[in-house]
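Heads up, model_34.txt below (compact mmCIF, C-alpha atoms and all ligand atoms):
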# COMPACT_ATOMS: atom_id res chain seq x y z
CA MET A 1 23.89 3.03 4.78
CA SER A 2 20.66 2.06 6.53
CA GLU A 3 18.06 -0.06 4.76
CA LEU A 4 15.08 1.78 3.26
CA VAL A 5 11.79 -0.13 3.48
CA LEU A 6 8.34 0.83 2.18
CA LEU A 7 5.61 -0.83 4.27
CA LYS A 8 1.96 -0.87 3.23
CA LEU A 9 -0.76 -1.61 5.74
CA GLY A 10 -3.54 -2.88 3.48
CA GLY A 11 -7.07 -1.58 3.67
CA SER A 12 -8.15 -5.19 4.23
CA LEU A 13 -5.98 -5.25 7.35
CA ILE A 14 -6.79 -1.92 9.00
CA THR A 15 -10.52 -1.71 8.19
CA ASP A 16 -13.49 -4.04 8.01
CA LYS A 17 -14.07 -4.06 4.26
CA THR A 18 -17.61 -5.41 4.71
CA GLN A 19 -18.73 -2.40 6.81
CA PRO A 20 -18.42 1.20 5.62
CA ASN A 21 -16.15 3.49 7.66
CA THR A 22 -15.11 0.83 10.16
CA PRO A 23 -11.48 0.86 11.29
CA HIS A 24 -9.92 -2.19 12.96
CA LEU A 25 -8.62 -0.12 15.86
CA GLU A 26 -7.12 -3.02 17.80
CA ALA A 27 -5.29 -4.26 14.69
CA ILE A 28 -3.90 -0.78 13.96
CA LYS A 29 -2.68 -0.49 17.56
CA ARG A 30 -0.98 -3.90 17.41
CA LEU A 31 0.64 -3.04 14.06
CA ALA A 32 1.88 0.27 15.48
CA ALA A 33 3.45 -1.59 18.43
CA GLU A 34 5.17 -4.04 16.04
CA ILE A 35 6.51 -1.19 13.90
CA LYS A 36 7.76 0.67 16.97
CA SER A 37 9.49 -2.44 18.28
CA ALA A 38 11.24 -3.04 14.93
CA LEU A 39 12.33 0.61 14.70
CA ASP A 40 13.75 0.40 18.23
CA ASP A 41 15.52 -2.86 17.43
CA ARG A 42 17.18 -1.51 14.32
CA ARG A 43 17.71 2.06 15.57
CA ASP A 44 19.73 3.92 12.92
CA ASP A 45 19.74 0.91 10.62
CA LEU A 46 16.19 1.22 9.22
CA ARG A 47 14.53 4.06 7.32
CA LEU A 48 10.82 3.52 6.92
CA ILE A 49 8.03 4.94 4.78
CA ILE A 50 4.53 3.72 5.60
CA GLY A 51 1.56 3.66 3.24
CA HIS A 52 -1.96 2.51 3.96
CA GLY A 53 -5.02 1.60 1.96
CA SER A 54 -8.39 3.24 2.39
CA GLY A 55 -10.33 -0.01 2.77
CA SER A 56 -13.95 0.40 3.75
CA PHE A 57 -13.52 4.17 4.04
CA GLY A 58 -12.49 4.85 0.45
CA HIS A 59 -14.02 2.08 -1.56
CA ALA A 60 -17.72 2.63 -0.84
CA VAL A 61 -17.63 6.35 -1.65
CA ALA A 62 -15.32 5.85 -4.64
CA SER A 63 -17.74 3.25 -6.04
CA LYS A 64 -20.71 5.56 -5.50
CA TYR A 65 -19.11 8.37 -7.53
CA LYS A 66 -17.26 5.97 -9.90
CA THR A 67 -14.14 8.06 -9.33
CA THR A 68 -11.85 5.69 -11.27
CA GLN A 69 -13.97 6.29 -14.38
CA GLY A 70 -13.14 10.00 -14.30
CA VAL A 71 -15.58 12.87 -14.74
CA ILE A 72 -18.74 11.12 -15.93
CA GLY A 73 -21.43 13.43 -14.56
CA PRO A 74 -22.25 16.58 -12.59
CA GLU A 75 -21.41 14.88 -9.26
CA SER A 76 -17.93 13.66 -10.22
CA TRP A 77 -15.98 16.63 -8.86
CA TYR A 78 -18.04 16.62 -5.67
CA GLY A 79 -17.18 12.91 -5.45
CA LEU A 80 -13.49 13.83 -5.55
CA ALA A 81 -14.01 15.98 -2.43
CA GLN A 82 -16.01 13.23 -0.70
CA VAL A 83 -13.52 10.43 -1.38
CA SER A 84 -10.65 12.69 -0.34
CA ALA A 85 -12.46 13.37 2.95
CA VAL A 86 -12.96 9.71 3.89
CA ALA A 87 -9.38 8.81 2.93
CA ALA A 88 -8.08 11.65 5.12
CA ARG A 89 -10.38 10.58 7.97
CA LEU A 90 -8.89 7.07 8.07
CA ASN A 91 -5.41 8.56 7.74
CA ARG A 92 -6.03 10.72 10.83
CA ILE A 93 -7.05 7.62 12.79
CA VAL A 94 -3.91 5.75 11.69
CA MET A 95 -1.65 8.76 12.34
CA ASP A 96 -2.95 9.26 15.87
CA ILE A 97 -2.33 5.61 16.72
CA LEU A 98 1.19 5.66 15.21
CA LEU A 99 2.05 8.83 17.15
CA GLU A 100 0.53 7.37 20.32
CA ALA A 101 2.97 4.45 19.89
CA ASP A 102 5.86 6.98 19.76
CA ILE A 103 6.53 6.52 16.07
CA PRO A 104 7.63 9.88 14.60
CA ALA A 105 5.09 9.62 11.80
CA ILE A 106 4.20 12.51 9.50
CA ALA A 107 1.46 12.33 6.88
CA PHE A 108 1.77 13.56 3.30
CA GLN A 109 -1.61 13.98 1.63
CA PRO A 110 -1.14 12.46 -1.86
CA SER A 111 -3.99 14.40 -3.52
CA ALA A 112 -2.24 17.67 -2.72
CA SER A 113 0.63 16.87 -5.07
CA ALA A 114 -0.12 13.80 -7.21
CA ARG A 115 -0.93 14.18 -10.89
CA MET A 116 -2.26 11.33 -12.98
CA ARG A 117 -2.82 10.78 -16.67
CA GLN A 118 -5.31 8.05 -17.60
CA GLY A 119 -4.59 6.19 -14.40
CA GLN A 120 -0.81 6.50 -14.59
CA LEU A 121 0.84 8.46 -11.82
CA MET A 122 2.84 11.10 -13.70
CA TYR A 123 4.09 13.16 -10.77
CA PHE A 124 4.26 12.93 -7.01
CA GLU A 125 6.00 15.68 -5.06
CA THR A 126 8.57 14.24 -2.65
CA HIS A 127 10.88 17.05 -1.55
CA SER A 128 9.38 17.48 1.93
CA LEU A 129 8.88 13.74 2.35
CA LYS A 130 12.56 13.08 1.62
CA THR A 131 13.64 15.81 4.02
CA ALA A 132 11.46 14.31 6.75
CA LEU A 133 12.94 10.86 6.09
CA GLU A 134 16.49 12.20 6.23
CA HIS A 135 15.76 13.61 9.67
CA GLY A 136 14.54 10.35 11.15
CA LEU A 137 10.81 10.83 10.67
CA VAL A 138 8.52 8.16 9.24
CA PRO A 139 6.60 9.61 6.26
CA VAL A 140 3.09 8.20 5.74
CA VAL A 141 1.16 8.22 2.45
CA TYR A 142 -2.20 6.63 1.67
CA GLY A 143 -4.61 5.66 -1.06
CA ASP A 144 -6.26 8.91 -2.09
CA VAL A 145 -7.89 10.80 -4.95
CA SER A 146 -5.92 12.53 -7.66
CA VAL A 147 -6.54 14.99 -10.43
CA ASP A 148 -6.12 13.23 -13.80
CA ALA A 149 -5.11 15.24 -16.87
CA VAL A 150 -7.27 13.15 -19.21
CA GLN A 151 -10.09 11.81 -17.02
CA GLY A 152 -10.42 14.79 -14.68
CA VAL A 153 -10.53 12.73 -11.48
CA ASN A 154 -9.08 9.39 -10.41
CA ILE A 155 -7.87 7.28 -7.49
CA VAL A 156 -4.21 6.86 -6.68
CA SER A 157 -3.44 3.62 -4.85
CA THR A 158 -0.71 3.17 -2.28
CA GLU A 159 0.96 0.75 -4.72
CA LYS A 160 1.15 3.48 -7.39
CA LEU A 161 2.60 5.90 -4.84
CA PHE A 162 5.11 3.24 -3.74
CA ASP A 163 6.06 2.62 -7.37
CA SER A 164 6.86 6.30 -7.81
CA LEU A 165 8.68 6.56 -4.48
CA ALA A 166 10.64 3.38 -5.18
CA ARG A 167 11.86 4.58 -8.56
CA GLU A 168 13.09 7.76 -6.92
CA LEU A 169 14.39 6.50 -3.58
CA ASN A 170 15.54 2.98 -4.48
CA PRO A 171 14.42 1.08 -1.36
CA GLU A 172 15.80 -2.37 -0.65
CA ARG A 173 12.38 -3.86 0.08
CA ILE A 174 8.66 -3.21 -0.32
CA LEU A 175 6.39 -4.97 2.17
CA LEU A 176 2.65 -5.24 1.50
CA ALA A 177 0.77 -6.48 4.57
CA GLY A 178 -2.82 -7.58 4.01
CA ASP A 179 -5.36 -9.99 5.46
CA VAL A 180 -4.33 -13.12 3.51
CA ASP A 181 -1.08 -15.09 3.72
CA GLY A 182 0.20 -13.97 0.33
CA VAL A 183 -0.60 -14.42 -3.34
CA TYR A 184 -2.63 -17.54 -4.11
CA THR A 185 -3.50 -19.29 -7.35
CA THR A 186 -7.08 -18.03 -6.84
CA ASP A 187 -8.84 -15.92 -4.17
CA PRO A 188 -8.37 -17.96 -0.97
CA LYS A 189 -11.54 -16.46 0.51
CA LEU A 190 -13.63 -17.87 -2.30
CA ASP A 191 -11.77 -21.05 -3.16
CA SER A 192 -10.60 -23.52 -0.51
CA ALA A 193 -8.37 -25.23 -3.11
CA ALA A 194 -6.34 -22.01 -3.64
CA GLU A 195 -2.61 -22.62 -3.21
CA LEU A 196 -0.07 -20.13 -1.86
CA ILE A 197 2.55 -19.04 -4.41
CA GLU A 198 5.77 -18.63 -2.41
CA ASP A 199 7.88 -16.98 -5.10
CA ILE A 200 7.02 -14.91 -8.15
CA ASP A 201 9.78 -14.14 -10.65
CA SER A 202 10.43 -14.23 -14.37
CA THR A 203 10.40 -18.04 -14.37
CA ASN A 204 6.73 -18.33 -13.37
CA TRP A 205 5.29 -14.89 -14.18
CA ILE A 206 3.27 -15.97 -17.23
CA GLU A 207 1.68 -18.77 -15.21
CA VAL A 208 0.90 -16.45 -12.28
CA GLU A 209 -0.51 -13.76 -14.53
CA THR A 210 -2.78 -16.23 -16.30
CA SER A 211 -4.14 -17.60 -13.06
CA LEU A 212 -4.65 -14.21 -11.30
CA GLY A 213 -5.78 -12.20 -14.31
CA GLY A 214 -8.68 -14.59 -14.75
CA SER A 215 -10.11 -14.15 -11.25
CA LEU A 216 -10.42 -10.41 -10.89
CA ALA A 217 -11.80 -9.83 -7.40
CA ALA A 218 -11.89 -6.16 -8.28
CA ASP A 219 -12.03 -3.28 -5.89
CA VAL A 220 -11.52 0.29 -7.08
CA THR A 221 -7.77 -0.21 -7.32
CA GLY A 222 -8.00 -3.52 -9.14
CA GLY A 223 -7.53 -5.96 -6.24
CA MET A 224 -4.75 -8.49 -5.91
CA TYR A 225 -3.96 -8.85 -9.61
CA ALA A 226 -3.11 -5.15 -10.01
CA LYS A 227 -1.03 -5.25 -6.84
CA VAL A 228 1.03 -8.24 -7.98
CA LYS A 229 1.47 -6.89 -11.50
CA ASP A 230 2.64 -3.48 -10.27
CA MET A 231 5.13 -5.07 -7.86
CA TYR A 232 6.42 -7.61 -10.39
CA HIS A 233 7.15 -4.92 -13.01
CA LEU A 234 8.74 -2.68 -10.40
CA THR A 235 11.11 -5.34 -9.04
CA LEU A 236 11.95 -6.39 -12.60
CA ALA A 237 12.93 -2.80 -13.41
CA MET A 238 14.90 -2.26 -10.21
CA PRO A 239 16.94 -5.28 -9.12
CA PRO A 240 17.89 -6.27 -6.44
CA MET A 241 14.75 -4.69 -4.94
CA GLN A 242 12.32 -7.24 -3.50
CA ALA A 243 8.62 -7.03 -2.75
CA MET A 244 6.78 -9.22 -0.31
CA ILE A 245 3.03 -9.76 0.07
CA PHE A 246 2.04 -11.36 3.36
CA SER A 247 -0.52 -11.37 6.15
CA GLY A 248 -0.25 -8.62 8.73
CA ALA A 249 -3.19 -10.18 10.55
CA ASP A 250 -0.93 -12.80 12.12
CA SER A 251 0.68 -11.22 15.16
CA GLY A 252 4.40 -10.62 14.75
CA ASN A 253 4.58 -10.86 10.94
CA VAL A 254 4.99 -7.14 10.31
CA GLU A 255 7.71 -6.90 12.95
CA SER A 256 9.50 -9.99 11.56
CA ALA A 257 9.29 -8.62 8.03
CA LEU A 258 10.74 -5.27 9.13
CA LEU A 259 13.55 -7.12 10.89
CA GLY A 260 14.27 -9.03 7.68
CA ARG A 261 13.05 -12.43 8.89
CA THR A 262 10.95 -13.13 5.84
CA ALA A 263 11.98 -16.57 4.64
CA ASP A 264 9.10 -18.62 5.98
CA PHE A 265 5.92 -16.72 5.19
CA GLY A 266 4.22 -14.75 2.44
CA THR A 267 4.96 -14.39 -1.25
CA LEU A 268 8.31 -13.01 -2.38
CA ILE A 269 8.36 -11.10 -5.69
CA ASN A 270 11.69 -10.42 -7.37
P1 LIG A 301 -5.53 -4.42 0.56
O1 LIG A 301 -6.78 -3.65 0.82
O2 LIG A 301 -5.01 -5.13 1.76
O3 LIG A 301 -4.48 -3.68 -0.17
P2 LIG A 301 -7.11 -5.89 -1.37
O4 LIG A 301 -8.38 -6.03 -0.59
O5 LIG A 301 -7.06 -4.94 -2.52
O6 LIG A 301 -5.91 -5.61 -0.39
O7 LIG A 301 -6.66 -7.31 -1.88
C1 LIG A 301 -6.53 -8.35 -0.94
C2 LIG A 301 -7.67 -9.31 -1.15
O8 LIG A 301 -7.54 -9.85 -2.46
C3 LIG A 301 -7.65 -10.48 -0.22
O9 LIG A 301 -8.40 -10.21 0.92
C4 LIG A 301 -8.22 -11.62 -1.08
O10 LIG A 301 -9.54 -11.95 -0.67
C5 LIG A 301 -8.28 -11.04 -2.48
N1 LIG A 301 -7.70 -11.90 -3.51
C6 LIG A 301 -8.21 -12.05 -4.76
N2 LIG A 301 -7.46 -12.89 -5.49
C7 LIG A 301 -6.42 -13.27 -4.70
C8 LIG A 301 -5.30 -14.13 -4.89
N3 LIG A 301 -5.09 -14.77 -6.05
N4 LIG A 301 -4.42 -14.28 -3.87
C9 LIG A 301 -4.62 -13.62 -2.69
N5 LIG A 301 -5.67 -12.81 -2.45
C10 LIG A 301 -6.57 -12.62 -3.43

Mind turning the file's structure into structure tokens?
Amino acid sequence: MSELVLLKLGGSLITDKTQPNTPHLEAIKRLAAEIKSALDDRRDDLRLIIGHGSGSFGHAVASKYKTTQGVIGPESWYGLAQVSAVAARLNRIVMDILLEADIPAIAFQPSASARMRQGQLMYFETHSLKTALEHGLVPVVYGDVSVDAVQGVNIVSTEKLFDSLARELNPERILLAGDVDGVYTTDPKLDSAAELIEDIDSTNWIEVETSLGGSLAADVTGGMYAKVKDMYHLTLAMPPMQAMIFSGADSGNVESALLGRTADFGTLIN
């Protein structure tokens, strides 16, 4: 049976998070070429689902309408439409570049089928996605808005979608590619003394949680702490699944990770 891998291209990697609505087109093209090369190398041996963050497209609009706080005013539902539009706009850009690289990518708009309840993803429709995967296509999901049964509106992150997909499809590995080398003791962009944590497992989880939970560099999906926590709990629930957080900004890393050469970079969570 071929290996199933879920690969996230982080918003920090594919957009300039300091400028609204600014894609890193050259980075997306390079990443597409790396993915294509790995798919060609492994032929029938790799099934891939891609997810991507919304980066500077989603976060500015989601902050304006405070979408993660739910329906808090007359503009909240309009905000849902606006955030959905920017997320879909970035997705179109990514999809066109993936298709241009000859990757048989097909997008599944999460807001069309996701249902949340107080920030928990309760349901995500996967029938068509699974059928596409079975037929050799590469399904693509992305950070999007969602209806929330309690709050009215919310944001569903790629990590939450991956959590749901992983529990259903049982992938061997989850790869999260971002703009930093992995999980550090503190935010490496703010603290030059931050140290890379190479492995996160039950032996050091309490320590990691204490150090990350204290330095919340929050974006609308909770930043690095939420990402690590989601992945730790997922891998704990589903051994021998592994998750890896690493830099996709270094040329060749995404391809190496897809090929399984992951020993010497990033943070491994299991
Ligand atoms: P993405 O958009 O790629 O999913 P985020 O922007 O949500 O990722 O999170 C990645 C960012 O988190 C990094 O650019 C880094 O500046 C920040 N960060 C905060 N704390 C840490 C930490 N302890 N280790 C690594 N990165 C951290």

### Task
List all protein, DNA and RNA residues that have at least one atom no more than 8 Å from any atom of ligand LIG 301 (chain A), counting only C-alpha atoms and all ligand atoms, and write them as a PyMOL selection string.
chain A and resi 8-13+17+52-55+176-190+194+196+211-212+215-219+221-225+227

### Message
So that I can see what lies close to Ile50 in chain A, please list as a count of residues only the residues with an atom at most 12 Å from it, counting all atoms listed in the file and leaving out residues fewer than 4 positions away in the same chain.
### Response
40

### Message
Quick one: residues within 10 Å of Ala85 in chain A, all atoms listed in the file, excluding same-chain residues fewer than 2 positions away - as a list of chain:residue names?
### Response
A:Phe57, A:Gly58, A:Val61, A:Gly79, A:Leu80, A:Ala81, A:Gln82, A:Val83, A:Ala87, A:Ala88, A:Arg89, A:Leu90, A:Asn91, A:Asp144, A:Val145

To test the calculation: enclose all listed atoms of range 6-19 of chain A in a box whose edges run along x, y and z, add 3 Å on each side, then state centre and edge lengths in Å to one decimal, as AutoDock Vina command-line options.
--center_x -5.2 --center_y -2.3 --center_z 5.6 --size_x 33.1 --size_y 12.2 --size_z 12.8

Residues of range 168-251 of chain A within 12 Å of range 42-48 of chain A: nearest atom pair and distance (Å, one decimal) for each, counting all atoms listed in the file, sorted by chain and number, as JSON lines?
{"residue": "A:Leu169", "atom": "CA", "partner": "A:Arg47", "partner_atom": "CA", "distance": 11.2}
{"residue": "A:Asn170", "atom": "CA", "partner": "A:Arg47", "partner_atom": "CA", "distance": 11.9}
{"residue": "A:Pro171", "atom": "CA", "partner": "A:Arg47", "partner_atom": "CA", "distance": 9.2}
{"residue": "A:Glu172", "atom": "CA", "partner": "A:Arg47", "partner_atom": "CA", "distance": 10.3}
{"residue": "A:Arg173", "atom": "CA", "partner": "A:Leu48", "partner_atom": "CA", "distance": 10.2}
{"residue": "A:Ile174", "atom": "CA", "partner": "A:Leu48", "partner_atom": "CA", "distance": 10.1}
{"residue": "A:Leu175", "atom": "CA", "partner": "A:Leu48", "partner_atom": "CA", "distance": 10.7}

Write out the residues from the selection above, keeping C-alpha atoms, as a short mmCIF file (atom, residue, chain, number, x, y, z; two decimals), in the coordinates of the input.
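Final output, result10.cif:
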data_model
loop_
_atom_site.label_atom_id
_atom_site.label_comp_id
_atom_site.auth_asym_id
_atom_site.auth_seq_id
_atom_site.Cartn_x
_atom_site.Cartn_y
_atom_site.Cartn_z
CA LEU A 169 14.39 6.50 -3.58
CA ASN A 170 15.54 2.98 -4.48
CA PRO A 171 14.42 1.08 -1.36
CA GLU A 172 15.80 -2.37 -0.65
CA ARG A 173 12.38 -3.86 0.08
CA ILE A 174 8.66 -3.21 -0.32
CA LEU A 175 6.39 -4.97 2.17
#

### Task
Go through A:Ala243, A:Ser2, A:Met116, A:Leu25 one by one, measure the shortest atom-to-atom distance of each to Thr262 in chain A using only C-alpha atoms, and give the residue with the smallest value.
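Once distances to Thr262 in chain A are computed over only C-alpha atoms, the minimum belongs to A:Ala243.
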
### CA of Ile72 in chain A to CA of Gln151 in chain A, distance in Å rounded to a single decimal
8.7 Å

## Note on the structure
If you count all atoms listed in the file, the residue of A:Ser111, A:Glu134, A:Val147, A:Ala33 closest to Val71 in chain A turns out to be A:Val147

### Message
Please report the interatomic distance between CA of Tyr65 in chain A and CA of Val228 in chain A in Å with one decimal.
### Response
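Answer for the CA of Tyr65 in chain A to CA of Val228 in chain A separation: 26.1 Å.
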
### Summary
Here CA of Ser56 in chain A and CA of Asn21 in chain A stand apart by 5.4 Å

Since the input lacks atoms, please generate N, CA, C and O atoms for range 61-76 of chain A and provide them as a PDB file, in the frame of the given file.
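File selection-v8.pdb, as written:
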ATOM      1  N   VAL A  61     -17.374   5.027  -1.076  1.00  0.00           N
ATOM      2  CA  VAL A  61     -17.630   6.350  -1.650  1.00  0.00           C
ATOM      3  C   VAL A  61     -17.091   6.437  -3.075  1.00  0.00           C
ATOM      4  O   VAL A  61     -17.733   6.999  -3.975  1.00  0.00           O
ATOM      5  N   ALA A  62     -15.901   5.836  -3.295  1.00  0.00           N
ATOM      6  CA  ALA A  62     -15.320   5.850  -4.640  1.00  0.00           C
ATOM      7  C   ALA A  62     -16.201   5.084  -5.621  1.00  0.00           C
ATOM      8  O   ALA A  62     -16.335   5.468  -6.788  1.00  0.00           O
ATOM      9  N   SER A  63     -16.830   3.997  -5.152  1.00  0.00           N
ATOM     10  CA  SER A  63     -17.740   3.250  -6.040  1.00  0.00           C
ATOM     11  C   SER A  63     -18.985   4.072  -6.328  1.00  0.00           C
ATOM     12  O   SER A  63     -19.490   4.096  -7.445  1.00  0.00           O
ATOM     13  N   LYS A  64     -19.505   4.747  -5.304  1.00  0.00           N
ATOM     14  CA  LYS A  64     -20.710   5.560  -5.500  1.00  0.00           C
ATOM     15  C   LYS A  64     -20.493   6.610  -6.596  1.00  0.00           C
ATOM     16  O   LYS A  64     -21.333   6.798  -7.467  1.00  0.00           O
ATOM     17  N   TYR A  65     -19.362   7.298  -6.555  1.00  0.00           N
ATOM     18  CA  TYR A  65     -19.110   8.370  -7.530  1.00  0.00           C
ATOM     19  C   TYR A  65     -18.347   7.883  -8.757  1.00  0.00           C
ATOM     20  O   TYR A  65     -18.035   8.661  -9.642  1.00  0.00           O
ATOM     21  N   LYS A  66     -18.007   6.569  -8.777  1.00  0.00           N
ATOM     22  CA  LYS A  66     -17.260   5.970  -9.900  1.00  0.00           C
ATOM     23  C   LYS A  66     -16.007   6.807 -10.225  1.00  0.00           C
ATOM     24  O   LYS A  66     -15.724   7.123 -11.395  1.00  0.00           O
ATOM     25  N   THR A  67     -15.284   7.136  -9.173  1.00  0.00           N
ATOM     26  CA  THR A  67     -14.140   8.060  -9.330  1.00  0.00           C
ATOM     27  C   THR A  67     -13.085   7.537 -10.304  1.00  0.00           C
ATOM     28  O   THR A  67     -12.482   8.323 -11.038  1.00  0.00           O
ATOM     29  N   THR A  68     -12.884   6.201 -10.351  1.00  0.00           N
ATOM     30  CA  THR A  68     -11.850   5.690 -11.270  1.00  0.00           C
ATOM     31  C   THR A  68     -12.261   5.842 -12.734  1.00  0.00           C
ATOM     32  O   THR A  68     -11.420   5.735 -13.614  1.00  0.00           O
ATOM     33  N   GLN A  69     -13.549   6.089 -12.978  1.00  0.00           N
ATOM     34  CA  GLN A  69     -13.970   6.290 -14.380  1.00  0.00           C
ATOM     35  C   GLN A  69     -13.781   7.732 -14.833  1.00  0.00           C
ATOM     36  O   GLN A  69     -14.063   8.075 -15.988  1.00  0.00           O
ATOM     37  N   GLY A  70     -13.372   8.606 -13.921  1.00  0.00           N
ATOM     38  CA  GLY A  70     -13.140  10.000 -14.300  1.00  0.00           C
ATOM     39  C   GLY A  70     -14.395  10.837 -14.142  1.00  0.00           C
ATOM     40  O   GLY A  70     -15.318  10.471 -13.419  1.00  0.00           O
ATOM     41  N   VAL A  71     -14.416  11.977 -14.826  1.00  0.00           N
ATOM     42  CA  VAL A  71     -15.580  12.870 -14.740  1.00  0.00           C
ATOM     43  C   VAL A  71     -16.649  12.333 -15.686  1.00  0.00           C
ATOM     44  O   VAL A  71     -16.513  12.404 -16.908  1.00  0.00           O
ATOM     45  N   ILE A  72     -17.688  11.736 -15.102  1.00  0.00           N
ATOM     46  CA  ILE A  72     -18.740  11.120 -15.930  1.00  0.00           C
ATOM     47  C   ILE A  72     -20.092  11.786 -15.701  1.00  0.00           C
ATOM     48  O   ILE A  72     -21.080  11.410 -16.312  1.00  0.00           O
ATOM     49  N   GLY A  73     -20.153  12.772 -14.813  1.00  0.00           N
ATOM     50  CA  GLY A  73     -21.430  13.430 -14.560  1.00  0.00           C
ATOM     51  C   GLY A  73     -21.240  14.632 -13.659  1.00  0.00           C
ATOM     52  O   GLY A  73     -20.120  14.922 -13.224  1.00  0.00           O
ATOM     53  N   PRO A  74     -22.351  15.331 -13.359  1.00  0.00           N
ATOM     54  CA  PRO A  74     -22.250  16.580 -12.590  1.00  0.00           C
ATOM     55  C   PRO A  74     -21.736  16.375 -11.155  1.00  0.00           C
ATOM     56  O   PRO A  74     -21.256  17.312 -10.534  1.00  0.00           O
ATOM     57  N   GLU A  75     -21.823  15.131 -10.647  1.00  0.00           N
ATOM     58  CA  GLU A  75     -21.410  14.880  -9.260  1.00  0.00           C
ATOM     59  C   GLU A  75     -19.948  14.454  -9.140  1.00  0.00           C
ATOM     60  O   GLU A  75     -19.453  14.252  -8.033  1.00  0.00           O
ATOM     61  N   SER A  76     -19.263  14.268 -10.271  1.00  0.00           N
ATOM     62  CA  SER A  76     -17.930  13.660 -10.220  1.00  0.00           C
ATOM     63  C   SER A  76     -16.920  14.478  -9.422  1.00  0.00           C
ATOM     64  O   SER A  76     -16.121  13.928  -8.662  1.00  0.00           O
TER      65      SER A  76
END
